[in-house]
Amino acid sequence: MIAITDHGPSMIGSACKIHFAVGKRAPKDHKGMKILWGCEANILNAKGDIDLDEQLIKKLDFILVGIHKKTPFKNLGKTKNTKALINCFKKYPIHAFAHPTTFYFEYDLKKVCQAACDNNILLELNSASLNRLDTNHPKENLERLKTMANIAKKNNKKLIVNSDAHFLNEIGDDKLLKKYMKLLNITKKDIINNYPKELDKFIEEKNKLN
């Protein structure tokens, strides 16, 4: 399975709305590999609104959300940033919370991860987060990643893993995942990608809410 999820249209330099609107025309299979047409949507404000309207959402197979720079979102401070995320989770049929542990803006990680679990939203562990950890980037740290993984496990939820590929050579690259799994106290059983039928069912159930 591969999911194509460009950033939402409000981000500087991202894909325009037409890119997402043609999702229904995108191929759904290539030589036996399932293809999902999606978006990494941007939260816009304290209400938790995102940069996809209802019609665009219906055209997509998979939606992640996050708070990002180079978008209309303005830092509201830790408490209100936390509320913005939780508001978003309650409002939309979101499949996954993008890079929860990478703090472009500060929020309460425990509250936000718990809210994601409460709203049946997968917590994402991606290679970009692990690469930041591996290079001692200030926006990432091991304890936050462990906190996220622990909250998922306590709620009997699995993490969703992806390579966050921006170039062809990055697609499916899981070297860093293998390196850090033990430190994060996760095994293959904690990753929904290893259960294709379960992941398919999860996506189908979410898309019924559109």
# chains A, B, ... in the order shown; residues from 1 in each chain; ligands from 1
$ closest_atom_pairs --of "range 58-86 of chain A" --to "range 101-116 of chain A" --cutoff "10 Å" --atoms "only C-alpha atoms" --output "Markdown table"
| residue | atom | partner | partner_atom | distance |
| --- | --- | --- | --- | --- |
| A:Gly66 | CA | A:Tyr104 | CA | 9.6 |
| A:Ile67 | CA | A:Tyr104 | CA | 7.1 |
| A:His68 | CA | A:Tyr104 | CA | 6.3 |
| A:Lys69 | CA | A:Tyr104 | CA | 6.7 |
| A:Phe73 | CA | A:Phe105 | CA | 9.8 |
| A:Lys74 | CA | A:Phe105 | CA | 9.1 |
| A:Asn75 | CA | A:Phe105 | CA | 6.4 |
| A:Leu76 | CA | A:Phe105 | CA | 8.6 |
| A:Gly77 | CA | A:Glu106 | CA | 6.9 |
| A:Lys78 | CA | A:Tyr107 | CA | 4.4 |
| A:Thr79 | CA | A:Tyr107 | CA | 6.5 |
| A:Lys80 | CA | A:Tyr107 | CA | 8.0 |
| A:Asn81 | CA | A:Tyr107 | CA | 5.6 |
| A:Thr82 | CA | A:Tyr107 | CA | 4.8 |
| A:Lys83 | CA | A:Val112 | CA | 8.4 |
| A:Ala84 | CA | A:Tyr107 | CA | 9.5 |
| A:Leu85 | CA | A:Val112 | CA | 6.9 |
| A:Ile86 | CA | A:Ala115 | CA | 6.2 |
$ residues_around --residues "Leu142 in chain A" --least-positions-apart "4" --cutoff "12 Å" --atoms "only C-alpha atoms" --output "ChimeraX atom specification"
/A:101-102,129-138,146-149,180-185
$ write_last_selection --atoms "C-alpha atoms" --output "PDB file, in the first residue's frame"
ATOM      1  CA  THR A 101       6.018  14.489  18.440  1.00  0.00           C
ATOM      2  CA  THR A 102       7.519  17.089  16.102  1.00  0.00           C
ATOM      3  CA  SER A 129      10.614  12.211  12.957  1.00  0.00           C
ATOM      4  CA  LEU A 130      13.144   9.432  13.431  1.00  0.00           C
ATOM      5  CA  ASN A 131      15.645  11.209  11.213  1.00  0.00           C
ATOM      6  CA  ARG A 132      15.319  14.326  13.375  1.00  0.00           C
ATOM      7  CA  LEU A 133      15.903  12.170  16.427  1.00  0.00           C
ATOM      8  CA  ASP A 134      18.894  10.523  14.784  1.00  0.00           C
ATOM      9  CA  THR A 135      20.478  13.902  14.005  1.00  0.00           C
ATOM     10  CA  ASN A 136      19.682  15.513  17.402  1.00  0.00           C
ATOM     11  CA  HIS A 137      17.273  17.995  15.851  1.00  0.00           C
ATOM     12  CA  PRO A 138      15.799  20.304  18.542  1.00  0.00           C
ATOM     13  CA  LYS A 146       8.107   7.018  23.792  1.00  0.00           C
ATOM     14  CA  THR A 147       5.198   8.938  25.319  1.00  0.00           C
ATOM     15  CA  MET A 148       3.241   8.716  22.067  1.00  0.00           C
ATOM     16  CA  ALA A 149       3.926   4.991  21.692  1.00  0.00           C
ATOM     17  CA  TYR A 180      14.720   2.662  17.190  1.00  0.00           C
ATOM     18  CA  MET A 181      11.942   0.119  17.731  1.00  0.00           C
ATOM     19  CA  LYS A 182      13.548  -1.378  20.830  1.00  0.00           C
ATOM     20  CA  LEU A 183      14.224   2.033  22.384  1.00  0.00           C
ATOM     21  CA  LEU A 184      10.596   2.995  21.766  1.00  0.00           C
ATOM     22  CA  ASN A 185       9.439  -0.273  23.322  1.00  0.00           C
TER      23      ASN A 185
END
$ select_by_dssp --residues "range 129-172 of chain A" --states "alpha helix (DSSP H)" --output "PyMOL selection string"
chain A and resi 129-134+142-154
$ atom_distance --atom1 "CA of Met33 in chain A" --atom2 "CA of Met1 in chain A"
5.4 Å
$ closest_residue --among "A:Lys178, A:Lys206, A:His7, A:Lys197" --to "Asn119 in chain A" --atoms "only C-alpha atoms"
A:Lys206
$ residues_around --residues "range 152-162 of chain A" --least-positions-apart "3" --cutoff "7 Å" --atoms "only C-alpha atoms" --output "number ranges by chain"
A: 117, 122-127, 148-149, 190-193
$ select_by_dssp --residues "chain A" --states "strand (DSSP E)" --output "ChimeraX atom specification"
/A:2-7,29-30,33-42,62-66,96-97,122-126,160-162
$ atom_distance --atom1 "CA of Met11 in chain A" --atom2 "CA of Ala98 in chain A"
14.9 Å
$ closest_residue --among "A:Ile186, A:Ile4, A:Lys208, A:Ala21" --to "Leu168 in chain A" --atoms "only C-alpha atoms"
A:Ile4
$ closest_residue --among "A:Ile94, A:Leu145, A:Leu36, A:Ile12" --to "Leu64 in chain A" --atoms "only C-alpha atoms"
A:Ile94
